>>> print(open('coords-v6.txt').read())   # compact mmCIF, C-alpha atoms
# COMPACT_ATOMS: atom_id res chain seq x y z
CA MET A 1 89.50 72.47 135.14
CA ASN A 2 87.43 69.42 134.36
CA ASN A 3 88.38 66.35 132.40
CA LYS A 4 87.20 67.85 129.12
CA HIS A 5 89.46 70.82 129.55
CA LEU A 6 92.34 68.54 130.42
CA ALA A 7 91.69 66.43 127.32
CA CYS A 8 91.60 69.53 125.15
CA ALA A 9 94.85 70.82 126.63
CA LEU A 10 96.48 67.42 126.13
CA LEU A 11 95.24 67.29 122.55
CA ALA A 12 96.50 70.82 121.89
CA THR A 13 99.88 69.82 123.34
CA VAL A 14 100.02 66.76 121.10
CA ILE A 15 99.09 68.85 118.05
CA PHE A 16 101.71 71.45 119.00
CA GLY A 17 104.24 68.67 119.49
CA PHE A 18 103.57 67.33 116.01
CA PHE A 19 103.85 70.83 114.58
CA TYR A 20 107.00 71.64 116.51
CA GLY A 21 108.63 68.33 115.61
CA ALA A 22 107.83 68.77 111.95
CA MET A 23 109.14 72.34 111.93
CA THR A 24 112.33 71.36 113.75
CA LEU A 25 113.03 68.57 111.30
CA ASN A 26 112.27 70.93 108.44
CA HIS A 27 114.78 73.45 109.80
CA LYS A 28 117.38 70.71 110.20
CA TRP A 29 116.75 69.66 106.62
CA ASP A 30 117.17 73.25 105.44
CA ALA A 31 120.37 73.60 107.49
CA ALA A 32 121.74 70.32 106.12
CA VAL A 33 120.97 71.39 102.56
CA ALA A 34 122.59 74.79 103.19
CA ALA A 35 125.69 73.08 104.66
CA THR A 36 125.84 70.79 101.62
CA ASP A 37 125.56 73.78 99.29
CA ASP A 38 128.35 75.55 101.19
CA ALA A 39 130.54 72.46 101.01
CA ALA A 40 129.77 72.14 97.30
CA ALA A 41 130.70 75.79 96.74
CA ARG A 42 133.96 75.36 98.68
CA ASN A 43 134.70 72.19 96.77
CA SER A 44 133.96 73.90 93.47
CA MET A 45 136.29 76.76 94.42
CA LYS A 46 139.00 74.32 95.42
CA GLN A 47 138.57 72.37 92.18
CA GLN A 48 138.95 75.66 90.32
CA GLU A 49 142.14 76.40 92.27
CA VAL A 50 143.43 72.93 91.39
CA LYS A 51 142.66 73.60 87.74
CA TYR A 52 144.48 76.94 87.86
CA ALA A 53 147.42 75.29 89.62
CA GLN A 54 147.47 72.50 87.00
CA ASP A 55 147.32 75.01 84.16
CA ALA A 56 150.06 77.14 85.72
CA LEU A 57 152.19 74.05 86.27
CA GLU A 58 151.67 72.90 82.70
CA VAL A 59 152.63 76.33 81.38
CA ALA A 60 155.68 76.45 83.67
CA ARG A 61 156.69 72.94 82.57
CA LYS A 62 156.48 73.81 78.88
CA LYS A 63 158.03 77.25 79.26
CA THR A 64 160.99 76.17 81.35
CA ALA A 65 161.63 72.80 79.71
CA PRO A 66 164.49 73.96 77.43
CA LEU A 67 166.26 75.80 80.22
CA ARG A 68 165.80 72.93 82.67
CA LYS A 69 167.23 70.58 80.09
CA TYR A 70 170.12 72.99 79.71
CA LEU A 71 170.65 72.80 83.48
CA GLU A 72 170.59 69.00 83.42
CA MET A 73 173.19 69.09 80.68
CA TRP A 74 175.54 71.44 82.52
CA LYS A 75 174.96 70.45 86.13
CA PRO A 76 177.45 67.53 86.14
CA LYS A 77 180.12 69.87 84.79
CA PHE A 78 179.43 72.38 87.54
CA GLU A 79 179.40 69.66 90.16
CA GLN A 80 182.81 68.61 88.91
CA SER A 81 184.25 71.80 90.37
CA GLY A 82 182.23 71.13 93.50
CA THR A 83 181.38 73.41 96.37
CA ASN A 84 184.79 74.10 97.85
CA GLU A 85 187.84 75.91 96.56
CA ALA A 86 190.20 72.95 97.02
CA THR A 87 188.35 70.90 94.39
CA ALA A 88 188.33 73.82 91.98
CA LYS A 89 192.03 74.46 92.54
CA ASN A 90 192.86 70.79 91.96
CA GLU A 91 191.04 70.81 88.63
CA PHE A 92 193.19 73.68 87.41
CA SER A 93 196.44 72.27 88.83
CA ARG A 94 195.76 68.93 87.16
CA MET A 95 195.39 70.75 83.86
CA LEU A 96 198.69 72.62 84.28
CA LYS A 97 200.56 69.42 85.15
CA ARG A 98 199.71 68.06 81.72
CA TYR A 99 201.98 70.69 80.20
CA PRO A 100 205.28 70.14 82.01
CA THR A 101 207.26 72.03 79.35
CA LEU A 102 205.53 75.22 80.35
CA VAL A 103 207.52 76.57 83.29
CA GLN A 104 205.40 77.92 86.09
CA PHE A 105 206.72 80.98 87.88
CA MET A 106 203.92 81.80 90.19
CA THR A 107 200.55 80.34 90.99
CA SER A 108 198.00 81.65 93.38
CA THR A 109 194.38 80.96 94.20
CA SER A 110 192.12 83.60 95.67
CA SER A 111 189.53 83.05 98.34
CA PRO A 112 186.03 82.45 97.00
CA VAL A 113 184.30 85.60 95.81
CA GLU A 114 180.53 85.90 95.83
CA ASN A 115 178.71 86.03 92.53
CA LYS A 116 176.31 88.93 92.60
CA ASP A 117 172.59 88.06 92.47
CA MET A 118 173.25 84.33 92.29
CA GLY A 119 172.10 81.77 94.80
CA PHE A 120 173.10 78.54 93.10
CA VAL A 121 176.36 79.34 91.32
CA ASN A 122 176.98 81.66 94.20
CA ARG A 123 180.80 81.86 94.39
CA ARG A 124 183.88 81.62 92.23
CA VAL A 125 187.55 81.13 92.89
CA SER A 126 190.21 82.69 90.76
CA SER A 127 193.50 80.92 90.07
CA SER A 128 196.36 82.87 88.53
CA VAL A 129 199.51 81.53 87.01
CA LYS A 130 202.56 82.91 85.18
CA LEU A 131 204.05 80.55 82.63
CA GLU A 132 206.82 80.58 80.10
CA GLY A 133 207.38 78.13 77.30
CA ASP A 134 206.70 77.16 73.75
CA ALA A 135 204.01 79.29 72.09
CA GLU A 136 202.28 76.26 70.62
CA LYS A 137 202.05 74.54 74.00
CA ALA A 138 200.71 77.72 75.57
CA ILE A 139 197.96 77.92 72.96
CA GLN A 140 197.22 74.23 73.52
CA LEU A 141 196.91 74.88 77.24
CA LEU A 142 194.40 77.67 76.62
CA ALA A 143 192.42 75.44 74.28
CA SER A 144 192.47 72.60 76.82
CA ILE A 145 191.20 74.86 79.59
CA GLU A 146 188.30 76.08 77.51
CA ARG A 147 187.48 72.61 76.20
CA GLU A 148 187.97 70.47 79.30
CA LEU A 149 186.94 72.96 81.97
CA PRO A 150 183.98 74.39 80.10
CA THR A 151 182.40 75.95 83.16
CA SER A 152 185.54 77.89 84.00
CA ARG A 153 186.21 81.22 82.40
CA ILE A 154 189.49 82.82 81.58
CA SER A 155 189.11 86.19 83.21
CA MET A 156 192.46 87.51 82.02
CA LEU A 157 195.21 86.35 79.76
CA GLU A 158 198.26 88.15 78.52
CA ILE A 159 200.66 86.70 76.00
CA ARG A 160 204.03 88.38 75.60
CA LYS A 161 207.01 87.55 73.52
CA GLY A 162 209.40 85.36 75.50
CA GLN A 163 213.17 85.27 75.85
CA LYS A 164 213.79 82.58 73.23
CA GLY A 165 212.70 82.41 69.61
CA ASN A 166 209.32 80.68 69.82
CA ALA A 167 208.76 81.14 73.52
CA VAL A 168 206.02 83.20 75.06
CA GLU A 169 205.22 84.41 78.53
CA LEU A 170 201.67 83.75 79.52
CA ASP A 171 199.83 85.34 82.42
CA LEU A 172 196.59 83.58 83.05
CA SER A 173 193.69 83.99 85.46
CA VAL A 174 190.97 81.40 85.45
CA GLU A 175 187.74 81.67 87.40
CA VAL A 176 186.05 78.45 88.45
CA PRO A 177 182.42 78.53 89.64
CA LEU A 178 181.45 77.01 92.97
CA LEU A 179 177.99 75.76 93.71
CA ALA A 180 176.11 76.61 96.87
CA SER A 181 176.64 74.03 99.58
CA PRO A 182 173.64 71.76 100.02
CA PRO A 183 171.72 72.33 103.27
CA PRO A 184 173.02 70.18 106.14
CA VAL A 185 171.16 66.92 106.63
CA LYS A 186 169.49 66.82 110.05
CA MET B 187 73.67 52.98 115.77
CA SER B 188 73.64 56.34 114.06
CA LYS B 189 76.62 57.98 112.35
CA SER B 190 76.84 60.49 115.18
CA ASN B 191 78.01 57.72 117.52
CA ILE B 192 81.39 57.76 115.83
CA MET B 193 82.05 61.05 117.58
CA HIS B 194 81.41 59.55 120.97
CA ASP B 195 83.17 56.24 120.80
CA LEU B 196 85.43 57.12 123.70
CA LYS B 197 82.58 57.98 125.95
CA SER B 198 80.59 55.56 128.05
CA ASP B 199 76.98 55.18 127.19
CA ARG B 200 74.90 57.80 128.89
CA PRO B 201 71.87 59.80 128.05
CA ASP B 202 72.53 62.71 125.73
CA LEU B 203 72.36 65.99 127.54
CA SER B 204 72.81 68.11 124.46
CA PRO B 205 72.13 67.57 120.79
CA PRO B 206 74.93 65.84 118.78
CA LEU B 207 77.42 67.91 116.82
CA PRO B 208 76.68 68.49 113.16
CA VAL B 209 77.77 65.79 110.74
CA VAL B 210 80.39 68.03 109.17
CA MET B 211 82.25 67.94 112.46
CA MET B 212 83.10 64.35 111.68
CA LEU B 213 85.95 65.82 109.60
CA LEU B 214 87.74 67.00 112.74
CA PRO B 215 89.01 63.63 113.98
CA VAL B 216 89.69 62.59 110.41
CA LEU B 217 91.80 65.69 109.90
CA PHE B 218 93.51 65.09 113.23
CA TYR B 219 94.48 61.55 112.32
CA LEU B 220 95.56 62.62 108.86
CA SER B 221 97.70 65.43 110.22
CA ALA B 222 99.22 63.06 112.78
CA VAL B 223 100.09 60.59 110.04
CA GLY B 224 101.25 63.48 107.82
CA SER B 225 103.49 64.83 110.56
CA VAL B 226 105.09 61.47 111.09
CA GLY B 227 105.49 61.02 107.34
CA PHE B 228 106.91 64.49 106.90
CA GLY B 229 109.29 63.88 109.81
CA GLY B 230 110.44 60.66 108.18
CA LEU B 231 110.94 62.39 104.87
CA CYS B 232 112.92 65.14 106.59
CA LEU B 233 115.13 62.61 108.36
CA MET B 234 115.76 60.82 105.09
CA LYS B 235 116.61 64.06 103.30
CA ILE B 236 118.84 65.17 106.20
CA LYS B 237 120.76 61.90 105.98
CA GLN B 238 121.11 62.32 102.25
CA ALA B 239 122.23 65.97 102.62
CA GLN B 240 124.77 64.96 105.27
CA SER B 241 126.06 62.22 103.01
CA ASP B 242 126.32 64.72 100.11
CA GLU B 243 128.10 67.20 102.37
CA GLN B 244 130.58 64.55 103.47
CA ARG B 245 131.23 63.65 99.84
CA GLU B 246 131.84 67.30 98.99
CA VAL B 247 134.13 67.72 102.01
CA ASP B 248 136.10 64.61 101.04
CA SER B 249 136.40 65.86 97.49
CA GLU B 250 137.52 69.27 98.75
CA GLN B 251 140.16 67.69 100.97
CA MET B 252 141.41 65.59 98.09
CA ALA B 253 141.52 68.71 95.90
CA SER B 254 143.39 70.49 98.66
CA ARG B 255 145.98 67.71 98.80
CA THR B 256 146.27 67.69 95.01
CA ARG B 257 146.79 71.44 95.01
CA THR B 258 149.46 71.17 97.70
CA THR B 259 151.27 68.60 95.54
CA LEU B 260 150.94 70.81 92.46
CA VAL B 261 152.19 73.86 94.32
CA ALA B 262 155.16 71.88 95.63
CA GLU B 263 155.94 70.69 92.11
CA GLN B 264 155.60 74.24 90.81
CA LYS B 265 158.03 75.38 93.50
CA VAL B 266 160.54 72.73 92.45
CA ILE B 267 160.18 73.81 88.81
CA ASP B 268 160.60 77.49 89.74
CA GLU B 269 163.70 76.72 91.80
CA THR B 270 165.15 74.57 89.02
CA HIS B 271 164.38 77.32 86.54
CA ALA B 272 166.12 79.89 88.72
CA LYS B 273 169.18 77.62 88.94
CA ALA B 274 169.08 77.08 85.19
CA ARG B 275 169.01 80.82 84.57
CA GLU B 276 172.06 81.26 86.78
CA VAL B 277 173.88 78.50 84.94
CA GLU B 278 172.89 80.09 81.63
CA THR B 279 174.11 83.50 82.81
CA TRP B 280 177.40 82.00 83.94
CA MET B 281 177.88 80.03 80.74
CA LYS B 282 177.19 83.13 78.65
CA SER B 283 180.04 84.79 80.49
CA THR B 284 182.46 81.97 79.64
CA GLN B 285 182.59 82.42 75.90
CA PRO B 286 185.96 81.14 74.75
CA LEU B 287 188.81 83.61 74.32
CA MET B 288 190.64 81.21 72.03
CA GLU B 289 188.67 82.52 69.06
CA ILE B 290 189.99 86.01 69.75
CA VAL B 291 193.56 84.80 70.28
CA THR B 292 193.42 82.79 67.07
CA ALA B 293 191.88 85.65 65.08
CA VAL B 294 194.48 88.14 66.33
CA VAL B 295 197.45 85.81 65.82
CA ASN B 296 196.29 84.80 62.33
CA SER B 297 195.76 88.43 61.36
CA VAL B 298 199.44 89.25 61.75
CA LYS B 299 200.85 89.82 58.29
CA THR B 300 204.31 88.70 57.26
CA GLY B 301 206.90 91.13 58.52
CA ASN B 302 204.64 92.54 61.22
CA THR B 303 205.07 91.55 64.87
CA LEU B 304 203.10 91.80 68.07
CA SER B 305 204.83 92.19 71.40
CA SER B 306 201.85 91.39 73.58
CA LEU B 307 198.17 90.57 73.59
CA ARG B 308 196.10 91.09 76.68
CA LEU B 309 192.47 90.01 77.07
CA SER B 310 190.46 90.58 80.20
CA ARG B 311 186.81 90.30 81.01
CA SER B 312 184.92 93.20 82.49
CA GLN B 313 183.90 92.49 86.10
CA ASP B 314 180.40 93.88 85.63
CA LYS B 315 179.83 92.43 82.17
CA PRO B 316 181.95 89.30 81.73
CA ASP B 317 180.74 88.90 78.15
CA HIS B 318 182.59 92.13 77.30
CA VAL B 319 186.25 91.48 76.67
CA ASP B 320 188.78 94.29 76.95
CA MET B 321 191.61 93.77 74.52
CA ARG B 322 195.00 95.41 74.37
CA VAL B 323 197.38 94.59 71.52
CA GLU B 324 200.86 95.98 71.40
CA ILE B 325 201.88 96.02 67.77
CA ASN B 326 205.64 96.12 67.48
CA SER B 327 205.76 96.77 63.80
CA GLY B 328 202.92 97.16 61.37
CA GLY B 329 201.24 100.20 62.88
CA THR B 330 197.67 101.08 62.04
CA ILE B 331 197.65 98.85 58.96
CA GLN B 332 198.15 95.81 61.17
CA GLN B 333 195.59 97.22 63.62
CA GLN B 334 193.01 97.41 60.83
CA GLU B 335 193.89 93.87 59.74
CA THR B 336 193.30 92.71 63.31
CA VAL B 337 189.96 94.50 63.52
CA GLN B 338 188.88 92.95 60.21
CA ALA B 339 189.85 89.49 61.45
CA LEU B 340 187.88 90.00 64.65
CA MET B 341 184.81 91.16 62.75
CA LYS B 342 185.03 88.06 60.59
CA SER B 343 184.91 86.06 63.82
CA ASN B 344 181.65 87.84 64.69
CA TYR B 345 183.13 90.23 67.22
CA GLN B 346 182.20 93.87 67.32
CA THR B 347 184.66 96.42 68.61
CA PHE B 348 183.78 99.53 70.53
CA ARG B 349 185.64 102.08 72.65
CA ASP B 350 188.55 101.66 70.23
CA ASP B 351 191.68 103.62 70.96
CA ILE B 352 195.22 103.75 69.64
CA ILE B 353 197.89 104.65 72.14
CA SER B 354 201.05 105.88 70.52
CA PRO B 355 202.79 109.17 69.98
CA ASP B 356 201.76 109.12 66.32
CA LYS B 357 198.25 107.70 66.07
CA SER B 358 198.45 107.42 62.32
CA ASP B 359 201.76 105.57 62.26
CA GLN B 360 201.22 102.99 59.54
CA ARG B 361 204.44 101.02 60.10
CA GLY B 362 205.77 101.56 63.59
CA ALA B 363 204.71 100.53 67.09
CA VAL B 364 201.19 101.24 68.23
CA THR B 365 199.09 99.96 71.08
CA TYR B 366 195.51 99.25 70.22
CA THR B 367 192.83 98.92 72.89
CA THR B 368 189.21 98.02 72.37
CA THR B 369 186.28 96.24 73.94
CA LEU B 370 184.96 93.21 72.12
CA VAL B 371 181.42 91.93 72.17
CA LYS B 372 180.29 88.79 70.43
CA SER B 373 177.67 89.71 67.89
CA ALA B 374 174.43 88.16 69.19
CA THR B 375 172.48 88.25 65.92
CA ILE B 376 175.11 86.38 63.98
CA GLU B 377 175.64 83.97 66.83
CA GLU B 378 171.97 82.97 66.78
>>> encode(input="coords-v6.txt", output="structure tokens")
Amino acid sequence: MNNKHLACALLATVIFGFFYGAMTLNHKWDAAVAATDDAAARNSMKQQEVKYAQDALEVARKKTAPLRKYLEMWKPKFEQSGTNEATAKNEFSRMLKRYPTLVQFMTSTSSPVENKDMGFVNRRVSSSVKLEGDAEKAIQLLASIERELPTSRISMLEIRKGQKGNAVELDLSVEVPLLASPPPVK
Amino acid sequence: MSKSNIMHDLKSDRPDLSPPLPVVMMLLPVLFYLSAVGSVGFGGLCLMKIKQAQSDEQREVDSEQMASRTRTTLVAEQKVIDETHAKAREVETWMKSTQPLMEIVTAVVNSVKTGNTLSSLRLSRSQDKPDHVDMRVEINSGGTIQQQETVQALMKSNYQTFRDDIISPDKSDQRGAVTYTTTLVKSATIEE
């Protein structure tokens, strides 16, 4: 190989180098554009998901607003009876003590019973009492329970004629709801 | 100096051994230089476009991440709303089952006509359907006439009776003692 051949080979190498460099950069450009397009597509999809989530949230907000307001209204009353049976029992006892003329024969409170298919108002305790006294006072007691313990429900009541003229015997069972205990704080 | 010397500017002066290349071959070095400059220019353009594409990609990725965070927040909020809604439904269900019994007691007591007497009134809620109230009235005197008065009074208070039954030896006793049992349901249409 003489000098001319060497020069030609060198020139060819330089030309190939230019070509190769240009092609490599072109490929990198294409790859970068493709990556940008992919990122744009992913971003567009994510933006769409955000829009769907926003729409769903807006619908849920509007649809559930009355019921959530209803919950806000009643929640303090439910929290009044608390999460344990002692609090619920006290509420009922306090009510009975306001009617001292009604003689109590027997009171009992059951263990909490689970409310079927409920996770929040998940239990209830039932307090039973047998009373005797003035009919008017007995009716007042019933009215007070339903007015002042609005979340409780009278599950059973029986009014019978009492021994004296205006007296009645009243058997009463009242169920008080208990809320699920909050998860323990770690 | 002739034009053909341009082709030999790298060579030292020496006597020509062969005839010079045709003039058209002058294009070769020109094309070479142009392609060299073009390659460098194209490379520069590519680098610039790559930088721009990378910058665009980064912007898209940032936007996607922000959207992802926004979505996570929205989903969390949706979860809170769903949980609150579920709680609210439970509270609503419970409250529907606590409809006051005082209305029934008042309606029954007020329905008792002069001369008639009741010996007992029992109300209990059904375990499965607490909004259904089982009622048992022992009428001491007044018979079926008083029973009908009681039913009328309950209907006026928007209660519907079903599974009615009269327990007594003579079910058509219009004056004597009868025991009336029924299940009461608050009329939803009138309530609304």
>>> interface_residues(input="coords-v6.txt", of="chain B", to="chain A", cutoff="7 Å", atoms="all atoms listed in the file", output="MDAnalysis selection string")
chainID B and resid 222 225 228:229 232:233 235:236 239:240 242:243 246:247 249:250 253:254 256:257 260:261 264 270:271 273:274 276:277 281 284 286 288 305:311
>>> residues_around(input="coords-v6.txt", residues="Gln333 of chain B", least_positions_apart="3", cutoff="9 Å", atoms="only C-alpha atoms", output="VMD selection string")
chain B and resid 323 325 328 to 330 336 to 338 352 364 to 366
>>> atom_distance(input="coords-v6.txt", atom1="atom CA of Val176 of chain A", atom2="atom CA of Asp314 of chain B")
16.7 Å
>>> atom_distance(input="coords-v6.txt", atom1="atom CA of Leu287 of chain B", atom2="atom CA of Asp317 of chain B")
10.4 Å
>>> atom_distance(input="coords-v6.txt", atom1="atom CA of Asn302 of chain B", atom2="atom CA of Gln334 of chain B")
12.6 Å
>>> closest_residue(input="coords-v6.txt", among="B:Trp280, B:Gln238, B:Gly224, B:Arg349", to="Arg123 of chain A", atoms="all atoms listed in the file")
B:Trp280
>>> closest_residue(input="coords-v6.txt", among="B:Ile290, B:Asn326, B:Gly301, B:Lys315", to="Gln346 of chain B", atoms="only C-alpha atoms")
B:Ile290
>>> axis_aligned_box(input="coords-v6.txt", around="segment 325-337 of chain B", padding_each_side="5 Å", output="lines of an AutoDock Vina configuration file")
center_x = 197.9
center_y = 96.9
center_z = 63.4
size_x = 25.8
size_y = 18.4
size_z = 18.8
>>> decode(input="coords-v6.txt", residues="segment 202-215 of chain B", atoms="N, CA and C atoms", output="PDB file, in the first residue's frame")
ATOM      1  N   ASP B 202       4.301  16.846 -14.195  1.00  0.00           N
ATOM      2  CA  ASP B 202       3.118  15.989 -14.356  1.00  0.00           C
ATOM      3  C   ASP B 202       3.470  14.727 -15.105  1.00  0.00           C
ATOM      4  N   LEU B 203       3.045  13.617 -14.527  1.00  0.00           N
ATOM      5  CA  LEU B 203       3.309  12.334 -15.175  1.00  0.00           C
ATOM      6  C   LEU B 203       2.115  11.918 -16.020  1.00  0.00           C
ATOM      7  N   SER B 204       0.930  12.400 -15.548  1.00  0.00           N
ATOM      8  CA  SER B 204      -0.266  12.046 -16.315  1.00  0.00           C
ATOM      9  C   SER B 204      -1.087  13.313 -16.540  1.00  0.00           C
ATOM     10  N   PRO B 205      -1.980  13.294 -17.449  1.00  0.00           N
ATOM     11  CA  PRO B 205      -2.773  14.497 -17.714  1.00  0.00           C
ATOM     12  C   PRO B 205      -3.675  14.836 -16.528  1.00  0.00           C
ATOM     13  N   PRO B 206      -3.955  16.115 -16.257  1.00  0.00           N
ATOM     14  CA  PRO B 206      -4.812  16.491 -15.112  1.00  0.00           C
ATOM     15  C   PRO B 206      -6.224  15.935 -15.270  1.00  0.00           C
ATOM     16  N   LEU B 207      -6.888  15.826 -14.114  1.00  0.00           N
ATOM     17  CA  LEU B 207      -8.275  15.316 -14.114  1.00  0.00           C
ATOM     18  C   LEU B 207      -9.184  16.322 -14.816  1.00  0.00           C
ATOM     19  N   PRO B 208     -10.303  15.874 -15.292  1.00  0.00           N
ATOM     20  CA  PRO B 208     -11.207  16.824 -15.952  1.00  0.00           C
ATOM     21  C   PRO B 208     -11.703  17.892 -14.968  1.00  0.00           C
ATOM     22  N   VAL B 209     -12.101  18.993 -15.502  1.00  0.00           N
ATOM     23  CA  VAL B 209     -12.508  20.147 -14.672  1.00  0.00           C
ATOM     24  C   VAL B 209     -13.695  19.800 -13.767  1.00  0.00           C
ATOM     25  N   VAL B 210     -14.565  18.964 -14.287  1.00  0.00           N
ATOM     26  CA  VAL B 210     -15.763  18.602 -13.500  1.00  0.00           C
ATOM     27  C   VAL B 210     -15.413  17.921 -12.171  1.00  0.00           C
ATOM     28  N   MET B 211     -14.206  17.335 -12.167  1.00  0.00           N
ATOM     29  CA  MET B 211     -13.782  16.668 -10.927  1.00  0.00           C
ATOM     30  C   MET B 211     -13.474  17.661  -9.810  1.00  0.00           C
ATOM     31  N   MET B 212     -13.449  18.921 -10.163  1.00  0.00           N
ATOM     32  CA  MET B 212     -13.271  19.949  -9.125  1.00  0.00           C
ATOM     33  C   MET B 212     -14.415  19.918  -8.090  1.00  0.00           C
ATOM     34  N   LEU B 213     -15.556  19.339  -8.524  1.00  0.00           N
ATOM     35  CA  LEU B 213     -16.721  19.274  -7.616  1.00  0.00           C
ATOM     36  C   LEU B 213     -16.463  18.354  -6.419  1.00  0.00           C
ATOM     37  N   LEU B 214     -15.557  17.359  -6.660  1.00  0.00           N
ATOM     38  CA  LEU B 214     -15.354  16.362  -5.589  1.00  0.00           C
ATOM     39  C   LEU B 214     -14.920  16.966  -4.263  1.00  0.00           C
ATOM     40  N   PRO B 215     -13.819  17.741  -4.256  1.00  0.00           N
ATOM     41  CA  PRO B 215     -13.454  18.338  -2.954  1.00  0.00           C
ATOM     42  C   PRO B 215     -14.509  19.307  -2.434  1.00  0.00           C
TER      43      PRO B 215
END
